[in-house]
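Listing of query32.pdb, PDB, C-alpha atoms and all ligand atoms
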ATOM      1  CA  MET A 423      24.129 -14.599  20.262  1.00  0.00           C
ATOM      2  CA  ILE A 424      21.533 -13.787  17.595  1.00  0.00           C
ATOM      3  CA  LYS A 425      19.045 -11.135  18.740  1.00  0.00           C
ATOM      4  CA  ARG A 426      15.358 -12.023  18.446  1.00  0.00           C
ATOM      5  CA  GLY A 427      14.563  -9.446  15.698  1.00  0.00           C
ATOM      6  CA  LYS A 428      17.371 -10.824  13.562  1.00  0.00           C
ATOM      7  CA  LEU A 429      16.275 -14.377  14.267  1.00  0.00           C
ATOM      8  CA  GLN A 430      12.785 -13.520  13.064  1.00  0.00           C
ATOM      9  CA  ILE A 431      14.095 -11.990   9.816  1.00  0.00           C
ATOM     10  CA  LEU A 432      16.285 -15.061   9.251  1.00  0.00           C
ATOM     11  CA  CYS A 433      13.294 -17.271   9.914  1.00  0.00           C
ATOM     12  CA  PHE A 434      11.125 -15.411   7.392  1.00  0.00           C
ATOM     13  CA  ALA A 435      13.969 -15.441   4.831  1.00  0.00           C
ATOM     14  CA  PHE A 436      14.239 -19.206   5.297  1.00  0.00           C
ATOM     15  CA  LEU A 437      10.496 -19.656   4.840  1.00  0.00           C
ATOM     16  CA  GLY A 438      10.554 -17.474   1.714  1.00  0.00           C
ATOM     17  CA  LEU A 439      13.419 -19.509   0.274  1.00  0.00           C
ATOM     18  CA  PHE A 440      11.303 -22.637   0.437  1.00  0.00           C
ATOM     19  CA  GLY A 441       8.094 -20.964  -0.720  1.00  0.00           C
ATOM     20  CA  ILE A 442       6.355 -21.332   2.632  1.00  0.00           C
ATOM     21  CA  SER A 443       3.676 -18.695   3.097  1.00  0.00           C
ATOM     22  CA  LEU A 444       3.522 -16.440   6.135  1.00  0.00           C
ATOM     23  CA  ALA A 445       0.221 -18.075   7.043  1.00  0.00           C
ATOM     24  CA  ASP A 446       2.252 -21.198   7.832  1.00  0.00           C
ATOM     25  CA  ALA A 447       4.921 -19.326   9.697  1.00  0.00           C
ATOM     26  CA  SER A 448       3.909 -20.339  13.209  1.00  0.00           C
ATOM     27  CA  ALA A 449       7.395 -21.821  13.537  1.00  0.00           C
ATOM     28  CA  CYS A 450       8.742 -18.341  14.371  1.00  0.00           C
ATOM     29  CA  GLN A 451       8.431 -16.484  17.684  1.00  0.00           C
ATOM     30  CA  LEU A 452       6.278 -13.753  16.300  1.00  0.00           C
ATOM     31  CA  GLN A 453       6.443  -9.993  16.091  1.00  0.00           C
ATOM     32  CA  GLN A 454       8.287  -9.230  19.313  1.00  0.00           C
ATOM     33  CA  LEU A 455       8.517  -5.437  19.365  1.00  0.00           C
ATOM     34  CA  PRO A 456      10.699  -3.213  21.561  1.00  0.00           C
ATOM     35  CA  ALA A 457       9.072  -2.489  24.944  1.00  0.00           C
ATOM     36  CA  GLU A 458       8.638   1.239  24.226  1.00  0.00           C
ATOM     37  CA  GLU A 459       6.696   0.387  21.054  1.00  0.00           C
ATOM     38  CA  TYR A 460       4.453  -2.114  22.852  1.00  0.00           C
ATOM     39  CA  ILE A 461       3.741   0.271  25.678  1.00  0.00           C
ATOM     40  CA  LYS A 462       2.691   2.952  23.194  1.00  0.00           C
ATOM     41  CA  ARG A 463       0.412   0.484  21.393  1.00  0.00           C
ATOM     42  CA  MET A 464      -1.062  -1.024  24.549  1.00  0.00           C
ATOM     43  CA  GLU A 465      -1.809   2.353  26.114  1.00  0.00           C
ATOM     44  CA  ARG A 466      -3.584   3.797  23.068  1.00  0.00           C
ATOM     45  CA  PRO A 467      -6.718   5.546  24.328  1.00  0.00           C
ATOM     46  CA  ASP A 468      -8.830   4.006  21.530  1.00  0.00           C
ATOM     47  CA  ARG A 469      -7.717   0.429  22.308  1.00  0.00           C
ATOM     48  CA  VAL A 470     -10.710  -1.831  23.022  1.00  0.00           C
ATOM     49  CA  VAL A 471      -9.871  -4.144  25.945  1.00  0.00           C
ATOM     50  CA  LYS A 472     -13.058  -4.194  28.078  1.00  0.00           C
ATOM     51  CA  VAL A 473     -11.021  -4.931  31.207  1.00  0.00           C
ATOM     52  CA  ASN A 474     -13.905  -4.635  33.669  1.00  0.00           C
ATOM     53  CA  GLU A 475     -16.166  -6.915  31.632  1.00  0.00           C
ATOM     54  CA  VAL A 476     -13.393  -9.513  31.308  1.00  0.00           C
ATOM     55  CA  ILE A 477     -12.672  -9.469  35.057  1.00  0.00           C
ATOM     56  CA  ALA A 478     -16.391  -9.751  35.844  1.00  0.00           C
ATOM     57  CA  LYS A 479     -16.770 -12.781  33.537  1.00  0.00           C
ATOM     58  CA  LEU A 480     -13.810 -14.489  35.216  1.00  0.00           C
ATOM     59  CA  ARG A 481     -15.415 -13.963  38.633  1.00  0.00           C
ATOM     60  CA  LEU A 482     -12.036 -13.074  40.164  1.00  0.00           C
ATOM     61  CA  LYS A 483     -12.235 -12.713  43.920  1.00  0.00           C
ATOM     62  CA  PRO A 484      -9.999 -11.742  46.827  1.00  0.00           C
ATOM     63  CA  GLY A 485      -7.491 -14.513  47.528  1.00  0.00           C
ATOM     64  CA  ASP A 486      -7.248 -15.803  43.953  1.00  0.00           C
ATOM     65  CA  ILE A 487      -3.833 -16.439  42.437  1.00  0.00           C
ATOM     66  CA  VAL A 488      -3.745 -15.182  38.860  1.00  0.00           C
ATOM     67  CA  ALA A 489      -0.988 -15.185  36.238  1.00  0.00           C
ATOM     68  CA  ASP A 490      -1.326 -12.576  33.494  1.00  0.00           C
ATOM     69  CA  ILE A 491       0.932 -14.150  30.896  1.00  0.00           C
ATOM     70  CA  GLY A 492       2.452 -11.749  28.367  1.00  0.00           C
ATOM     71  CA  SER A 493       1.410  -8.929  30.633  1.00  0.00           C
ATOM     72  CA  GLY A 494       2.718  -6.131  28.392  1.00  0.00           C
ATOM     73  CA  SER A 495       2.134  -2.718  29.933  1.00  0.00           C
ATOM     74  CA  GLY A 496      -0.155  -4.115  32.649  1.00  0.00           C
ATOM     75  CA  THR A 497      -3.549  -3.332  31.076  1.00  0.00           C
ATOM     76  CA  PHE A 498      -5.005  -6.416  32.780  1.00  0.00           C
ATOM     77  CA  SER A 499      -2.395  -7.046  35.508  1.00  0.00           C
ATOM     78  CA  VAL A 500      -3.054  -3.874  37.462  1.00  0.00           C
ATOM     79  CA  PRO A 501      -6.876  -4.148  37.683  1.00  0.00           C
ATOM     80  CA  MET A 502      -6.650  -7.915  38.207  1.00  0.00           C
ATOM     81  CA  ALA A 503      -4.272  -7.353  41.145  1.00  0.00           C
ATOM     82  CA  LYS A 504      -6.899  -5.033  42.635  1.00  0.00           C
ATOM     83  CA  ALA A 505      -9.641  -7.630  42.047  1.00  0.00           C
ATOM     84  CA  VAL A 506      -7.778 -10.339  43.997  1.00  0.00           C
ATOM     85  CA  ALA A 507      -6.448  -8.062  46.801  1.00  0.00           C
ATOM     86  CA  PRO A 508      -5.705  -8.057  49.649  1.00  0.00           C
ATOM     87  CA  ASN A 509      -4.652 -11.687  50.027  1.00  0.00           C
ATOM     88  CA  GLY A 510      -4.550 -12.808  46.395  1.00  0.00           C
ATOM     89  CA  ILE A 511      -1.513 -12.488  44.149  1.00  0.00           C
ATOM     90  CA  LEU A 512      -1.214 -11.302  40.578  1.00  0.00           C
ATOM     91  CA  TYR A 513       1.846 -12.578  38.722  1.00  0.00           C
ATOM     92  CA  ALA A 514       2.663 -10.382  35.740  1.00  0.00           C
ATOM     93  CA  VAL A 515       4.709 -12.602  33.404  1.00  0.00           C
ATOM     94  CA  ASP A 516       6.643 -11.359  30.398  1.00  0.00           C
ATOM     95  CA  ILE A 517       9.816 -12.181  28.511  1.00  0.00           C
ATOM     96  CA  ASP A 518      10.792  -8.511  28.325  1.00  0.00           C
ATOM     97  CA  GLU A 519      12.297  -7.105  31.497  1.00  0.00           C
ATOM     98  CA  LYS A 520      11.559  -3.525  30.439  1.00  0.00           C
ATOM     99  CA  MET A 521       7.843  -4.306  30.347  1.00  0.00           C
ATOM    100  CA  LEU A 522       8.082  -5.793  33.816  1.00  0.00           C
ATOM    101  CA  ASP A 523       9.927  -2.723  35.128  1.00  0.00           C
ATOM    102  CA  TYR A 524       7.162  -0.571  33.658  1.00  0.00           C
ATOM    103  CA  ILE A 525       4.441  -2.609  35.407  1.00  0.00           C
ATOM    104  CA  ALA A 526       6.297  -2.663  38.730  1.00  0.00           C
ATOM    105  CA  GLU A 527       6.592   1.118  38.603  1.00  0.00           C
ATOM    106  CA  ARG A 528       2.932   1.454  37.685  1.00  0.00           C
ATOM    107  CA  ALA A 529       1.873  -0.805  40.572  1.00  0.00           C
ATOM    108  CA  LYS A 530       4.053   1.156  42.994  1.00  0.00           C
ATOM    109  CA  LYS A 531       2.496   4.462  41.899  1.00  0.00           C
ATOM    110  CA  GLU A 532      -0.984   3.006  42.449  1.00  0.00           C
ATOM    111  CA  GLY A 533      -0.085   1.602  45.874  1.00  0.00           C
ATOM    112  CA  ILE A 534      -0.600  -2.017  44.763  1.00  0.00           C
ATOM    113  CA  THR A 535       1.307  -4.464  46.962  1.00  0.00           C
ATOM    114  CA  ASN A 536       0.076  -7.857  45.694  1.00  0.00           C
ATOM    115  CA  LEU A 537       1.533  -7.737  42.179  1.00  0.00           C
ATOM    116  CA  ARG A 538       4.727  -9.701  41.482  1.00  0.00           C
ATOM    117  CA  THR A 539       6.632  -9.503  38.217  1.00  0.00           C
ATOM    118  CA  VAL A 540       8.026 -12.728  36.750  1.00  0.00           C
ATOM    119  CA  LEU A 541      10.573 -12.973  33.962  1.00  0.00           C
ATOM    120  CA  GLY A 542       9.300 -15.929  31.959  1.00  0.00           C
ATOM    121  CA  GLU A 543      11.112 -18.023  29.370  1.00  0.00           C
ATOM    122  CA  TYR A 544       9.940 -18.423  25.776  1.00  0.00           C
ATOM    123  CA  ASP A 545       8.490 -21.866  26.514  1.00  0.00           C
ATOM    124  CA  ASP A 546       7.654 -21.593  30.207  1.00  0.00           C
ATOM    125  CA  PRO A 547       6.087 -18.850  32.350  1.00  0.00           C
ATOM    126  CA  LYS A 548       8.405 -19.853  35.228  1.00  0.00           C
ATOM    127  CA  LEU A 549       5.832 -19.105  37.910  1.00  0.00           C
ATOM    128  CA  PRO A 550       7.106 -19.351  41.483  1.00  0.00           C
ATOM    129  CA  GLU A 551       4.249 -21.559  42.708  1.00  0.00           C
ATOM    130  CA  LYS A 552       1.893 -24.358  41.708  1.00  0.00           C
ATOM    131  CA  GLY A 553      -1.382 -23.110  43.183  1.00  0.00           C
ATOM    132  CA  VAL A 554      -2.513 -20.818  40.367  1.00  0.00           C
ATOM    133  CA  ASP A 555      -6.281 -20.367  39.876  1.00  0.00           C
ATOM    134  CA  VAL A 556      -6.221 -18.591  36.517  1.00  0.00           C
ATOM    135  CA  ALA A 557      -3.568 -18.339  33.791  1.00  0.00           C
ATOM    136  CA  PHE A 558      -4.743 -15.520  31.556  1.00  0.00           C
ATOM    137  CA  PHE A 559      -3.603 -14.802  27.979  1.00  0.00           C
ATOM    138  CA  HIS A 560      -4.879 -11.743  26.131  1.00  0.00           C
ATOM    139  CA  ARG A 561      -3.401 -11.415  22.658  1.00  0.00           C
ATOM    140  CA  VAL A 562      -0.316 -13.396  23.590  1.00  0.00           C
ATOM    141  CA  LEU A 563      -0.609 -17.077  22.636  1.00  0.00           C
ATOM    142  CA  HIS A 564      -0.419 -16.201  18.932  1.00  0.00           C
ATOM    143  CA  MET A 565       3.027 -14.680  19.595  1.00  0.00           C
ATOM    144  CA  ILE A 566       4.446 -17.782  21.247  1.00  0.00           C
ATOM    145  CA  GLU A 567       6.406 -20.088  18.992  1.00  0.00           C
ATOM    146  CA  HIS A 568       5.737 -23.464  20.643  1.00  0.00           C
ATOM    147  CA  ARG A 569       2.128 -23.167  21.730  1.00  0.00           C
ATOM    148  CA  GLN A 570       1.643 -26.805  22.737  1.00  0.00           C
ATOM    149  CA  ILE A 571       4.806 -26.780  24.832  1.00  0.00           C
ATOM    150  CA  TYR A 572       3.803 -23.483  26.431  1.00  0.00           C
ATOM    151  CA  VAL A 573       0.319 -24.608  27.459  1.00  0.00           C
ATOM    152  CA  ASN A 574       1.768 -27.873  28.799  1.00  0.00           C
ATOM    153  CA  ALA A 575       4.229 -25.880  30.913  1.00  0.00           C
ATOM    154  CA  THR A 576       1.493 -23.498  32.092  1.00  0.00           C
ATOM    155  CA  ALA A 577      -0.802 -26.316  33.230  1.00  0.00           C
ATOM    156  CA  LYS A 578       1.865 -27.523  35.675  1.00  0.00           C
ATOM    157  CA  TYR A 579       1.437 -24.366  37.777  1.00  0.00           C
ATOM    158  CA  LEU A 580      -2.347 -24.638  38.064  1.00  0.00           C
ATOM    159  CA  LYS A 581      -4.565 -26.016  40.802  1.00  0.00           C
ATOM    160  CA  PRO A 582      -6.460 -29.158  39.695  1.00  0.00           C
ATOM    161  CA  ASP A 583      -9.504 -27.009  38.861  1.00  0.00           C
ATOM    162  CA  GLY A 584      -7.428 -24.037  37.654  1.00  0.00           C
ATOM    163  CA  ARG A 585      -8.365 -22.277  34.445  1.00  0.00           C
ATOM    164  CA  ILE A 586      -6.418 -21.342  31.328  1.00  0.00           C
ATOM    165  CA  VAL A 587      -8.148 -18.385  29.716  1.00  0.00           C
ATOM    166  CA  ASN A 588      -7.355 -17.328  26.180  1.00  0.00           C
ATOM    167  CA  ILE A 589      -8.543 -14.262  24.290  1.00  0.00           C
ATOM    168  CA  ASP A 590      -7.365 -14.177  20.700  1.00  0.00           C
ATOM    169  CA  LYS A 591      -8.649 -13.738  17.176  1.00  0.00           C
ATOM    170  CA  ASN A 592      -9.531 -16.255  14.453  1.00  0.00           C
ATOM    171  CA  ARG A 593      -7.446 -15.907  11.317  1.00  0.00           C
ATOM    172  CA  GLU A 594     -10.474 -15.613   9.050  1.00  0.00           C
ATOM    173  CA  ASP A 595     -11.660 -12.570  11.032  1.00  0.00           C
ATOM    174  CA  SER A 596      -8.549 -10.581  10.246  1.00  0.00           C
ATOM    175  CA  ALA A 597      -6.315  -9.656   7.346  1.00  0.00           C
ATOM    176  CA  ASN A 598      -3.359 -10.296   9.644  1.00  0.00           C
ATOM    177  CA  TRP A 599      -1.817 -13.759   9.241  1.00  0.00           C
ATOM    178  CA  MET A 600      -0.541 -13.888  12.807  1.00  0.00           C
ATOM    179  CA  TRP A 601      -3.691 -14.786  14.698  1.00  0.00           C
ATOM    180  CA  LEU A 602      -4.737 -18.202  15.995  1.00  0.00           C
ATOM    181  CA  ASN A 603      -7.826 -20.173  15.206  1.00  0.00           C
ATOM    182  CA  GLN A 604      -9.824 -21.157  18.251  1.00  0.00           C
ATOM    183  CA  SER A 605     -10.068 -24.712  16.925  1.00  0.00           C
ATOM    184  CA  ASP A 606      -6.256 -24.992  17.070  1.00  0.00           C
ATOM    185  CA  VAL A 607      -6.214 -23.718  20.645  1.00  0.00           C
ATOM    186  CA  ASP A 608      -8.970 -26.235  21.533  1.00  0.00           C
ATOM    187  CA  ASN A 609      -6.742 -29.021  20.160  1.00  0.00           C
ATOM    188  CA  TRP A 610      -3.651 -27.941  22.114  1.00  0.00           C
ATOM    189  CA  MET A 611      -5.755 -27.746  25.270  1.00  0.00           C
ATOM    190  CA  ALA A 612      -7.445 -31.109  24.648  1.00  0.00           C
ATOM    191  CA  ALA A 613      -3.970 -32.677  24.363  1.00  0.00           C
ATOM    192  CA  ILE A 614      -3.464 -31.814  28.057  1.00  0.00           C
ATOM    193  CA  SER A 615      -7.079 -32.693  29.024  1.00  0.00           C
ATOM    194  CA  PHE A 616      -8.307 -29.088  29.250  1.00  0.00           C
ATOM    195  CA  TYR A 617     -11.664 -28.466  27.623  1.00  0.00           C
ATOM    196  CA  PRO A 618     -13.689 -25.320  26.845  1.00  0.00           C
ATOM    197  CA  ALA A 619     -15.651 -24.780  30.060  1.00  0.00           C
ATOM    198  CA  GLU A 620     -16.993 -21.295  29.365  1.00  0.00           C
ATOM    199  CA  LYS A 621     -17.111 -19.038  26.332  1.00  0.00           C
ATOM    200  CA  PHE A 622     -17.924 -15.375  26.664  1.00  0.00           C
ATOM    201  CA  GLY A 623     -19.242 -13.066  23.973  1.00  0.00           C
ATOM    202  CA  VAL A 624     -17.571  -9.925  25.326  1.00  0.00           C
ATOM    203  CA  PHE A 625     -15.770  -8.950  22.113  1.00  0.00           C
ATOM    204  CA  ASP A 626     -17.116  -8.667  18.571  1.00  0.00           C
ATOM    205  CA  ASP A 627     -13.778  -9.507  16.977  1.00  0.00           C
ATOM    206  CA  ARG A 628     -12.179 -11.921  19.466  1.00  0.00           C
ATOM    207  CA  TYR A 629     -13.024 -15.233  21.085  1.00  0.00           C
ATOM    208  CA  PHE A 630     -12.759 -15.475  24.867  1.00  0.00           C
ATOM    209  CA  VAL A 631     -12.588 -19.042  26.175  1.00  0.00           C
ATOM    210  CA  SER A 632     -11.918 -20.476  29.629  1.00  0.00           C
ATOM    211  CA  TYR A 633     -10.464 -24.016  29.631  1.00  0.00           C
ATOM    212  CA  GLN A 634     -10.459 -26.443  32.554  1.00  0.00           C
ATOM    213  CA  ARG A 635      -9.804 -30.054  33.400  1.00  0.00           C
ATOM    214  CA  PRO A 636     -12.876 -32.000  34.534  1.00  0.00           C
ATOM    215  CA  TYR A 637     -11.582 -32.142  38.103  1.00  0.00           C
ATOM    216  CA  GLY A 638     -12.244 -30.713  41.581  1.00  0.00           C
ATOM    217  CA  ASN A 639     -14.500 -27.662  41.413  1.00  0.00           C
ATOM    218  CA  SER A 640     -14.283 -27.396  37.638  1.00  0.00           C
ATOM    219  CA  VAL A 641     -17.227 -25.674  35.966  1.00  0.00           C
ATOM    220  CA  LEU A 642     -17.162 -28.689  33.624  1.00  0.00           C
ATOM    221  CA  LEU A 643     -18.449 -30.858  36.467  1.00  0.00           C
ATOM    222  CA  LYS A 644     -21.240 -28.535  37.551  1.00  0.00           C
ATOM    223  CA  LYS A 645     -24.811 -28.447  36.341  1.00  0.00           C
ATOM    224  CA  ARG A 646     -24.933 -25.278  34.305  1.00  0.00           C
ATOM    225  CA  GLU A 647     -26.207 -23.555  31.205  1.00  0.00           C
ATOM    226  CA  PRO A 648     -24.716 -24.944  27.981  1.00  0.00           C
ATOM    227  CA  ILE A 649     -21.628 -23.040  26.843  1.00  0.00           C
ATOM    228  CA  ARG A 650     -22.253 -20.465  24.167  1.00  0.00           C
ATOM    229  CA  ASP A 651     -20.194 -18.589  21.664  1.00  0.00           C
TER     230      ASP A 651
HETATM  231  C1  LIG B   1       0.459  -7.889  22.187  1.00  0.00           C
HETATM  232  S1  LIG B   1       1.231  -7.750  23.790  1.00  0.00           S
HETATM  233  C2  LIG B   1      -0.203  -8.016  24.830  1.00  0.00           C
HETATM  234  C3  LIG B   1      -0.004  -7.439  26.215  1.00  0.00           C
HETATM  235  C4  LIG B   1      -1.203  -7.620  27.171  1.00  0.00           C
HETATM  236  N1  LIG B   1      -1.578  -9.017  27.316  1.00  0.00           N
HETATM  237  C5  LIG B   1      -2.366  -6.784  26.714  1.00  0.00           C
HETATM  238  O1  LIG B   1      -3.243  -7.319  26.022  1.00  0.00           O
HETATM  239  O2  LIG B   1      -2.410  -5.585  27.021  1.00  0.00           O
HETATM  240  C6  LIG B   1       2.092  -9.295  23.922  1.00  0.00           C
HETATM  241  C7  LIG B   1       3.023  -9.395  25.134  1.00  0.00           C
HETATM  242  O3  LIG B   1       3.432 -10.778  25.240  1.00  0.00           O
HETATM  243  C8  LIG B   1       4.809 -10.821  25.564  1.00  0.00           C
HETATM  244  N2  LIG B   1       5.335 -12.130  25.113  1.00  0.00           N
HETATM  245  C9  LIG B   1       5.672 -12.542  23.868  1.00  0.00           C
HETATM  246  N3  LIG B   1       6.115 -13.814  23.884  1.00  0.00           N
HETATM  247  C10 LIG B   1       6.041 -14.230  25.181  1.00  0.00           C
HETATM  248  C11 LIG B   1       6.353 -15.451  25.856  1.00  0.00           C
HETATM  249  N4  LIG B   1       6.859 -16.517  25.198  1.00  0.00           N
HETATM  250  N5  LIG B   1       6.146 -15.519  27.193  1.00  0.00           N
HETATM  251  C12 LIG B   1       5.645 -14.438  27.884  1.00  0.00           C
HETATM  252  N6  LIG B   1       5.348 -13.259  27.297  1.00  0.00           N
HETATM  253  C13 LIG B   1       5.537 -13.151  25.965  1.00  0.00           C
HETATM  254  C14 LIG B   1       5.391  -9.611  24.844  1.00  0.00           C
HETATM  255  O4  LIG B   1       6.640  -9.227  25.410  1.00  0.00           O
HETATM  256  C15 LIG B   1       4.287  -8.580  25.055  1.00  0.00           C
HETATM  257  O5  LIG B   1       4.458  -7.873  26.261  1.00  0.00           O
END
Structure encoded using structure tokens:
Amino acid sequence: MIKRGKLQILCFAFLGLFGISLADASACQLQQLPAEEYIKRMERPDRVVKVNEVIAKLRLKPGDIVADIGSGSGTFSVPMAKAVAPNGILYAVDIDEKMLDYIAERAKKEGITNLRTVLGEYDDPKLPEKGVDVAFFHRVLHMIEHRQIYVNATAKYLKPDGRIVNIDKNREDSANWMWLNQSDVDNWMAAISFYPAEKFGVFDDRYFVSYQRPYGNSVLLKKREPIRD
């Protein structure tokens, strides 16, 4: 079996052979680092994540079912589990078991009992239920190879008025080729009838958009202030 790192190098070599630039390289599962490296990066004291502001904007409440997809070291999973306790559930989803072990240990140390770890697949979060209120992605969707397939799979686990929330960075706002333009994400979401319901200006360098279907208690169906960037 070819390991992911090797697969990525082969993929880039292939692209180079045919003169395809890295900016077009979304065909590769991107920059998957070893768990130890991610944990070090995610836990940097100077990392700007604004967890409390994000949770407040999402209006998470006790009883909600939330999936933190690509949960990494648990930066969002742990406080989100607290926000939905005692009867809500936080599913921390990752493709790297070591990350999940790290989060489980962290939750145990903090006495959190409503956090469940889920080993996802590259194209499917493999959630154990279909009543999810919020599927949350922070700096993850740009790493997933088949974004349209992944959002399609995610939507199947949501309640009719469930939300898919994505925080990522536009390519033109960064020297790094890996990021995703919000307009592309809007298109993938529109293909499954999810539309931008709320946009939050929490970050200077990232967009933060909540998508919903116009259904049930969707914000899209309520009288509200116009969405803003
Ligand atoms: C840049 S880290 C972000 C971690 C976390 N969301 C945060 O912001 O602190 C990306 C995480 O996504 C995970 N990941 C990458 N591809 C994935 C996929 N297809 N499904 C689920 N998780 C994935 C990686 O293992 C890693 O833990």
Using all atoms listed in the file - which residues lie no farther than 9 Å from the point (-7.5, -28.8, 29.4) in the file's frame? Write them as a list in words.
Ala577, Arg585, Ile586, Asp608, Trp610, Met611, Ala612, Ala613, Ile614, Ser615, Phe616, Tyr617, Pro618, Tyr633, Gln634, Arg635 and Pro636 of chain A
Report as a PDB file with C-alpha atoms, in the frame of the given file all protein, DNA and RNA residues lying within 7 Å of A:Ala489, evaluated on all atoms listed in the file, omitting residues in the same chain fewer than 4 positions from it.
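Printed below is result19.pdb as written:
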ATOM      1  CA  LEU A 512      -1.214 -11.302  40.578  1.00  0.00           C
ATOM      2  CA  TYR A 513       1.846 -12.578  38.722  1.00  0.00           C
ATOM      3  CA  ALA A 514       2.663 -10.382  35.740  1.00  0.00           C
ATOM      4  CA  VAL A 515       4.709 -12.602  33.404  1.00  0.00           C
ATOM      5  CA  VAL A 556      -6.221 -18.591  36.517  1.00  0.00           C
ATOM      6  CA  ALA A 557      -3.568 -18.339  33.791  1.00  0.00           C
ATOM      7  CA  PHE A 558      -4.743 -15.520  31.556  1.00  0.00           C
TER       8      PHE A 558
END
Counting all atoms listed in the file, which protein, DNA or RNA residues come within 9 Å of ligand LIG 1 (chain B), given as a PDB file with C-alpha atoms, keeping the file's coordinate frame?
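The file below, result.pdb, is the result:
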ATOM      1  CA  GLN A 451       8.431 -16.484  17.684  1.00  0.00           C
ATOM      2  CA  LEU A 452       6.278 -13.753  16.300  1.00  0.00           C
ATOM      3  CA  GLN A 453       6.443  -9.993  16.091  1.00  0.00           C
ATOM      4  CA  GLN A 454       8.287  -9.230  19.313  1.00  0.00           C
ATOM      5  CA  LEU A 455       8.517  -5.437  19.365  1.00  0.00           C
ATOM      6  CA  PRO A 456      10.699  -3.213  21.561  1.00  0.00           C
ATOM      7  CA  ALA A 457       9.072  -2.489  24.944  1.00  0.00           C
ATOM      8  CA  TYR A 460       4.453  -2.114  22.852  1.00  0.00           C
ATOM      9  CA  ILE A 461       3.741   0.271  25.678  1.00  0.00           C
ATOM     10  CA  ARG A 463       0.412   0.484  21.393  1.00  0.00           C
ATOM     11  CA  MET A 464      -1.062  -1.024  24.549  1.00  0.00           C
ATOM     12  CA  GLU A 465      -1.809   2.353  26.114  1.00  0.00           C
ATOM     13  CA  VAL A 471      -9.871  -4.144  25.945  1.00  0.00           C
ATOM     14  CA  ASP A 490      -1.326 -12.576  33.494  1.00  0.00           C
ATOM     15  CA  ILE A 491       0.932 -14.150  30.896  1.00  0.00           C
ATOM     16  CA  GLY A 492       2.452 -11.749  28.367  1.00  0.00           C
ATOM     17  CA  SER A 493       1.410  -8.929  30.633  1.00  0.00           C
ATOM     18  CA  GLY A 494       2.718  -6.131  28.392  1.00  0.00           C
ATOM     19  CA  SER A 495       2.134  -2.718  29.933  1.00  0.00           C
ATOM     20  CA  GLY A 496      -0.155  -4.115  32.649  1.00  0.00           C
ATOM     21  CA  THR A 497      -3.549  -3.332  31.076  1.00  0.00           C
ATOM     22  CA  PHE A 498      -5.005  -6.416  32.780  1.00  0.00           C
ATOM     23  CA  SER A 499      -2.395  -7.046  35.508  1.00  0.00           C
ATOM     24  CA  VAL A 515       4.709 -12.602  33.404  1.00  0.00           C
ATOM     25  CA  ASP A 516       6.643 -11.359  30.398  1.00  0.00           C
ATOM     26  CA  ILE A 517       9.816 -12.181  28.511  1.00  0.00           C
ATOM     27  CA  ASP A 518      10.792  -8.511  28.325  1.00  0.00           C
ATOM     28  CA  GLU A 519      12.297  -7.105  31.497  1.00  0.00           C
ATOM     29  CA  MET A 521       7.843  -4.306  30.347  1.00  0.00           C
ATOM     30  CA  LEU A 522       8.082  -5.793  33.816  1.00  0.00           C
ATOM     31  CA  LEU A 541      10.573 -12.973  33.962  1.00  0.00           C
ATOM     32  CA  GLY A 542       9.300 -15.929  31.959  1.00  0.00           C
ATOM     33  CA  GLU A 543      11.112 -18.023  29.370  1.00  0.00           C
ATOM     34  CA  TYR A 544       9.940 -18.423  25.776  1.00  0.00           C
ATOM     35  CA  ASP A 545       8.490 -21.866  26.514  1.00  0.00           C
ATOM     36  CA  ASP A 546       7.654 -21.593  30.207  1.00  0.00           C
ATOM     37  CA  PRO A 547       6.087 -18.850  32.350  1.00  0.00           C
ATOM     38  CA  PHE A 558      -4.743 -15.520  31.556  1.00  0.00           C
ATOM     39  CA  PHE A 559      -3.603 -14.802  27.979  1.00  0.00           C
ATOM     40  CA  HIS A 560      -4.879 -11.743  26.131  1.00  0.00           C
ATOM     41  CA  ARG A 561      -3.401 -11.415  22.658  1.00  0.00           C
ATOM     42  CA  VAL A 562      -0.316 -13.396  23.590  1.00  0.00           C
ATOM     43  CA  LEU A 563      -0.609 -17.077  22.636  1.00  0.00           C
ATOM     44  CA  HIS A 564      -0.419 -16.201  18.932  1.00  0.00           C
ATOM     45  CA  MET A 565       3.027 -14.680  19.595  1.00  0.00           C
ATOM     46  CA  ILE A 566       4.446 -17.782  21.247  1.00  0.00           C
ATOM     47  CA  GLU A 567       6.406 -20.088  18.992  1.00  0.00           C
ATOM     48  CA  HIS A 568       5.737 -23.464  20.643  1.00  0.00           C
ATOM     49  CA  ARG A 569       2.128 -23.167  21.730  1.00  0.00           C
ATOM     50  CA  TYR A 572       3.803 -23.483  26.431  1.00  0.00           C
ATOM     51  CA  ILE A 589      -8.543 -14.262  24.290  1.00  0.00           C
TER      52      ILE A 589
END
How many Å lie between atom CA of A:Ile487 and atom CA of A:Ala619, rounded to one decimal?
19.0 Å
Using the chain letters and numbering of this document, enumerate as an mmCIF file with C-alpha atoms, in the frame of the given file the residues selected by the PyMOL selection byres (((chain A and resi 592-595) around 10) and not hetatm).
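Saved to result39.cif:
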data_model
loop_
_atom_site.group_PDB
_atom_site.id
_atom_site.type_symbol
_atom_site.label_atom_id
_atom_site.label_comp_id
_atom_site.auth_asym_id
_atom_site.auth_seq_id
_atom_site.Cartn_x
_atom_site.Cartn_y
_atom_site.Cartn_z
ATOM 1 C CA ALA A 445 0.221 -18.075 7.043
ATOM 2 C CA ASP A 590 -7.365 -14.177 20.700
ATOM 3 C CA LYS A 591 -8.649 -13.738 17.176
ATOM 4 C CA SER A 596 -8.549 -10.581 10.246
ATOM 5 C CA ALA A 597 -6.315 -9.656 7.346
ATOM 6 C CA ASN A 598 -3.359 -10.296 9.644
ATOM 7 C CA TRP A 599 -1.817 -13.759 9.241
ATOM 8 C CA MET A 600 -0.541 -13.888 12.807
ATOM 9 C CA TRP A 601 -3.691 -14.786 14.698
ATOM 10 C CA LEU A 602 -4.737 -18.202 15.995
ATOM 11 C CA ASN A 603 -7.826 -20.173 15.206
ATOM 12 C CA GLN A 604 -9.824 -21.157 18.251
ATOM 13 C CA SER A 605 -10.068 -24.712 16.925
ATOM 14 C CA ASP A 606 -6.256 -24.992 17.070
ATOM 15 C CA ASP A 627 -13.778 -9.507 16.977
ATOM 16 C CA ARG A 628 -12.179 -11.921 19.466
ATOM 17 C CA TYR A 629 -13.024 -15.233 21.085
#
